[in-house]
Amino acid sequence: MKEEHFQKQIDTEQKIEPKDWMPEQYRKHLIRQISQHAHSEVIGMQPEGNWITRAPSLRAKMILLAKVQDEAGHGLYLYSACETLGISREKLVQQLHDEKAKYSSIFNYPTLTWADMGAIGWLVDGAAIINQVSLQRTSYGPYSRAMIKICKEESFHQRQGYEIMAEMAKGTPEQKTMAQDALNRFWWPSIMMFGPQDSESPRTGNAMKWKIKRQTNDELRQSFIDKTVGQAEIIGLKIPDPDLKWNEERKHYDFGEMDWEEFWNVVNGNGPCNKQRLAHHKKAHDEGEWVRNAAQEYAKKQESATN
Amino acid sequence: MNSLIQYTLRIADSSLILGQRMSQWCSNGPTLEEDIAMSNIALDLFGQANGFYEYAAQLDGSRSADELAFKRNEREFFNHQLSEQENGNFGTTTVRNFLHDAFNFLFYTELASSKDETLAALSAKSLKEVKYHLRHSSNWLIRLGDGTQESNMKVQESLNFLWQYTGELFEMDEIDNEMLDEGAGVDNNKLRKGWDEIINSTIEKAKLTRPVDGYMANGSKKGIHTEHLGFLLAEMQFLPRAYPDAKW
Amino acid sequence: MAKNATVWEVFIQSKNGLAHKHAGNVHAADKIMALENARELYTRRNEGSCIWVVKSSEIVSSETEDSEAFFDPSNDKMYRHPTFYTMPEGSKHI
């Protein structure tokens with residue numbers, strides 16, 4: 001009965017709000033997905049944060065810092081949405097530290113040169129935006145509202161990255177080499193950001209029925225590739241996939257096989273930076289504990305003084 | 001070098017270096033909210049630095065704002081030594097910024113009525129931002145000072161250590177005097193009283209003790225710095241120096 | 001071990017004359033911090049002229065189970081809407 005009413009709400013495109021009845025599995029799926037999304041924003045600050053102090057101009061410095069700051073903000077919007085499901089941010093962070101919660105594997109790759117700032121903005125944010133635009137229509141109200149806000153703010157992120165790539169691709173030979181190298185390293189991890197192929201993705205079923213996800217991994221991936229190929233051509237860089245070619249019949253690009261062994265390795269904690277990223281997050285969290293305690297203690301004193 | 005250029009560079013340098021320090025907090029803050037706040041402060045400071053560098057570049061005529069920021073050496077930087085001090089723990093950063101913000105607030109208030117219209121306009125814009133910075137650092141100083149015993153000890157220690165870099169803020173050299181005589185610069189000595197008031201009242205609210213004036217470091221007006229600046233610049237200037245022909 | 005931070009709901013007025021609108025929440029130990037955190041998070045792009053923050057625990061909300069009893073009865077009071085009334089043909093400005 002309740003379940004039917006719930007499904008009817010979903011089927012008629014009414015958003016589910018925090019106080020509405022929802023199946024326990026729906027709640028769990030949302031907590032897992034939204035927190036993973038929030039953690040990705042926050043861990044994602046590190047690979048780019050790595051270059052803020054070395055950005056090559058005042059303009060580049062300000063843009064990159066503003067972008068990484070936005071990621072912190074987006075992490076907060078998402079934690080905020082997740083909290084409406086009855087779980088605290090502290091608990092979510094604990095799950096991250098205990099490696100019970102995941103974040104996007106893309107952030108476990110190192111950023112080795114300044115061109116990586118271009119590649120991340122262009123490809124990683126580009127891929128993320130495709131996913132996020134689709135999620136604006138997700139069935140859970142607070143998640144949908146967070147996505148709408150995030151999409152509005154993200155629009156400059158991809159442009160920032162593409163601008164860096166374009167600038168470097170037409171720069172000195174060294175710069176062009178750096179740009180191509182960054183594309184080579186980030187291409188495959190970026191298209192793997194959309195997750196396993198639909199045939200391999202066990203959770204897609206309910207997520208689609210409940211309209212948590214609105215498009216499948218493969219649909220989103222195809223849409224990203226179709227958009228990106230032309231952008232690479234315009235700036236004279238080559239996508240590192242010999243099988244990439246336009247399929248007139250499908251009206252889409254065909255592309256090569258992804259290295260799923262590497263994908264699962266990185267997902268399961270064995271990527272180049274998994275341990276480093278988590279250790280960084282824990283360290284900041286631990287070093288901030290005395291500050292958070294002091295602020296709470298001060299607030300307590302203030303409250304007892306006014307009561 | 002022309003006094004006006006030198007005067008403008010000093011302001012720009014302090015903003016840039018403190019901004020660089022604040023940007024190092026990104027992804028390291030005690031809470032995500034505070035991480036965002038510190039990035040905002042860094043962005044304000046970079047914006048201020050950019051404005052003053054643009055002006056210096058325009059007066060100089062031979063170097064761009066970016067060249068001024070990325071192509072000068074340690075001995076050619078004139079930021080206050082206070083601004084280059086390492087972030088330390090969150091309390092150290094709070095104290096450093098508080099001491100600096102209180103000075104900047106008074107300095108920009110005065111400079112906003114400079115006879116030099118560009119300096120006045122840049123100061124008026126910076127003043128709005130610095131008012132917020134001062135508010136932010138004061139509130140944190142009070143929270144940490146009057147928080148736990150541990151936090152009180154930590155910030156008191158930072159205050160004791162950083163105190164030696166506050167004397168320099170009020171110094172006047174021949175360039176300052178020349179600028180003052182022309183009605184374009186600020187009499188730093190006159191800022192002392194207002195600064196003492198802000199510092200004393202906040203320190204009191206924070207249940208901290210004002211350190212006794214002892215040895216005071218100085219020399220930044222002549223490009224003398226602590227050892228920290230060299231590393232900060234090496235990191236910050238690496239790309240434009242390694243690829244001198246590249247545009248970014 | 002620190003307890004959970006206090007959660008505050010944030011309402012932003014984007015310009016004078018408009019109502020404050022719910023924007024989301026922030027964590028903060030005290031009200032000054034809540035206001036500053038809200039400013040940093042929700043007005044980075046010039047979105048605000050005024051901010052309200054209120055502890056989430058202070059918000060009283062109606063329950064979904066009550067929504068029929070709360071909201072359906074107003075459904076059949078159509079006389080509260082101007083379209084309910086028949087106006088003489090040709091009458092204007094009413």
# chains A, B, ... in the order shown; residues from 1 in each chain; ligands from 1
$ residues_around --residues "segment 147-152 of chain B" --least-positions-apart "6" --cutoff "9 Å" --atoms "only C-alpha atoms" --output "VMD selection string"
(chain A and resid 290 to 291 293 to 299 301) or (chain B and resid 91 206 to 208)
$ residues_around --residues "Gly24 of chain C" --least-positions-apart "5" --cutoff "8 Å" --atoms "only C-alpha atoms" --output "number ranges by chain"
A: 77, 80; C: 9-11
$ select_by_dssp --residues "chain C" --states "strand (DSSP E or B)" --output "list in words"
Val7, Trp8, Glu9, Val10, Phe11, Ile12, Gln13, Lys21, His22, Ala23, Gly24, Asn25, Val26, His27, Cys50, Ile51, Trp52, Val53, Val54 and Lys55 of chain C
$ write_last_selection --atoms "N, CA and C atoms" --output "mmCIF file, in the first residue's frame"
data_model
loop_
_atom_site.group_PDB
_atom_site.id
_atom_site.type_symbol
_atom_site.label_atom_id
_atom_site.label_comp_id
_atom_site.auth_asym_id
_atom_site.auth_seq_id
_atom_site.Cartn_x
_atom_site.Cartn_y
_atom_site.Cartn_z
ATOM 1 N N VAL C 7 23.448 21.980 13.505
ATOM 2 C CA VAL C 7 23.053 22.245 12.129
ATOM 3 C C VAL C 7 22.095 23.445 12.103
ATOM 4 N N TRP C 8 22.353 24.340 11.191
ATOM 5 C CA TRP C 8 21.529 25.562 11.057
ATOM 6 C C TRP C 8 20.923 25.604 9.656
ATOM 7 N N GLU C 9 19.656 25.976 9.585
ATOM 8 C CA GLU C 9 19.023 26.169 8.273
ATOM 9 C C GLU C 9 19.270 27.603 7.825
ATOM 10 N N VAL C 10 19.494 27.755 6.541
ATOM 11 C CA VAL C 10 19.879 29.066 6.014
ATOM 12 C C VAL C 10 18.811 29.589 5.053
ATOM 13 N N PHE C 11 18.436 30.843 5.248
ATOM 14 C CA PHE C 11 17.460 31.495 4.372
ATOM 15 C C PHE C 11 18.088 32.756 3.797
ATOM 16 N N ILE C 12 18.031 32.882 2.493
ATOM 17 C CA ILE C 12 18.691 34.018 1.838
ATOM 18 C C ILE C 12 17.648 34.910 1.176
ATOM 19 N N GLN C 13 17.783 36.208 1.422
ATOM 20 C CA GLN C 13 16.986 37.177 0.668
ATOM 21 C C GLN C 13 17.886 37.683 -0.448
ATOM 22 N N LYS C 21 14.435 32.971 1.206
ATOM 23 C CA LYS C 21 14.149 31.662 0.641
ATOM 24 C C LYS C 21 15.116 30.636 1.214
ATOM 25 N N HIS C 22 14.609 29.467 1.520
ATOM 26 C CA HIS C 22 15.464 28.441 2.098
ATOM 27 C C HIS C 22 16.572 28.058 1.107
ATOM 28 N N ALA C 23 17.829 28.047 1.580
ATOM 29 C CA ALA C 23 18.946 27.747 0.682
ATOM 30 C C ALA C 23 19.569 26.393 0.993
ATOM 31 N N GLY C 24 19.519 25.967 2.248
ATOM 32 C CA GLY C 24 20.178 24.716 2.638
ATOM 33 C C GLY C 24 20.602 24.844 4.090
ATOM 34 N N ASN C 25 21.633 24.098 4.469
ATOM 35 C CA ASN C 25 22.081 24.234 5.851
ATOM 36 C C ASN C 25 23.587 24.419 5.953
ATOM 37 N N VAL C 26 24.047 24.775 7.123
ATOM 38 C CA VAL C 26 25.483 24.788 7.436
ATOM 39 C C VAL C 26 25.671 24.207 8.832
ATOM 40 N N HIS C 27 26.863 23.786 9.111
ATOM 41 C CA HIS C 27 27.226 23.396 10.470
ATOM 42 C C HIS C 27 27.972 24.564 11.105
ATOM 43 N N CYS C 50 20.461 39.719 2.466
ATOM 44 C CA CYS C 50 20.225 39.447 3.885
ATOM 45 C C CYS C 50 20.199 37.932 4.113
ATOM 46 N N ILE C 51 20.714 37.513 5.261
ATOM 47 C CA ILE C 51 20.733 36.074 5.587
ATOM 48 C C ILE C 51 20.051 35.861 6.935
ATOM 49 N N TRP C 52 19.217 34.837 7.009
ATOM 50 C CA TRP C 52 18.717 34.357 8.308
ATOM 51 C C TRP C 52 19.307 32.976 8.552
ATOM 52 N N VAL C 53 19.674 32.707 9.777
ATOM 53 C CA VAL C 53 20.004 31.325 10.136
ATOM 54 C C VAL C 53 19.180 30.953 11.369
ATOM 55 N N VAL C 54 18.764 29.708 11.422
ATOM 56 C CA VAL C 54 18.024 29.237 12.587
ATOM 57 C C VAL C 54 18.409 27.784 12.820
ATOM 58 N N LYS C 55 18.545 27.429 14.092
ATOM 59 C CA LYS C 55 18.914 26.038 14.403
ATOM 60 C C LYS C 55 17.880 25.092 13.804
#
$ select_by_dssp --residues "chain C" --states "helix (DSSP H, G or I)" --output "PyMOL selection string"
chain C and resi 31-42+56-58+64-76+78-80+82-84
$ closest_atom_pairs --of "segment 135-243 of chain A" --to "segment 60-72 of chain A" --cutoff "12 Å" --atoms "only C-alpha atoms" --output "tab-separated table"
residue	atom	partner	partner_atom	distance
A:Lys149	CA	A:Asp70	CA	11.1
A:Ile150	CA	A:Asp70	CA	8.8
A:Cys151	CA	A:Asp70	CA	11.2
A:Lys152	CA	A:Asp70	CA	11.2
A:Glu153	CA	A:Asp70	CA	7.6
A:Glu154	CA	A:Asp70	CA	8.0
A:Ser155	CA	A:Lys67	CA	10.5
A:Phe156	CA	A:Lys67	CA	8.3
A:His157	CA	A:Lys67	CA	6.5
A:Gln158	CA	A:Lys67	CA	10.0
A:Arg159	CA	A:Ile63	CA	11.0
A:Gln160	CA	A:Ile63	CA	7.6
A:Gly161	CA	A:Leu64	CA	9.3
A:Glu163	CA	A:Ala60	CA	10.6
A:Ile164	CA	A:Ala60	CA	9.0
A:Glu167	CA	A:Ala60	CA	12.0
$ interface_residues --of "chain B" --to "chain C" --cutoff "10 Å" --atoms "only C-alpha atoms" --output "number ranges by chain"
B: 31-40, 132, 135-136, 139-140, 143
$ residues_around --residues "Ala38 of chain A" --least-positions-apart "3" --cutoff "9 Å" --atoms "only C-alpha atoms" --output "PyMOL selection string"
chain A and resi 33-35+41-43+72+74-79+82+103
$ atom_distance --atom1 "atom CA of Leu169 of chain B" --atom2 "atom CA of Glu84 of chain B"
13.2 Å
$ atom_distance --atom1 "atom CA of Glu235 of chain B" --atom2 "atom CA of Gln24 of chain B"
11.3 Å
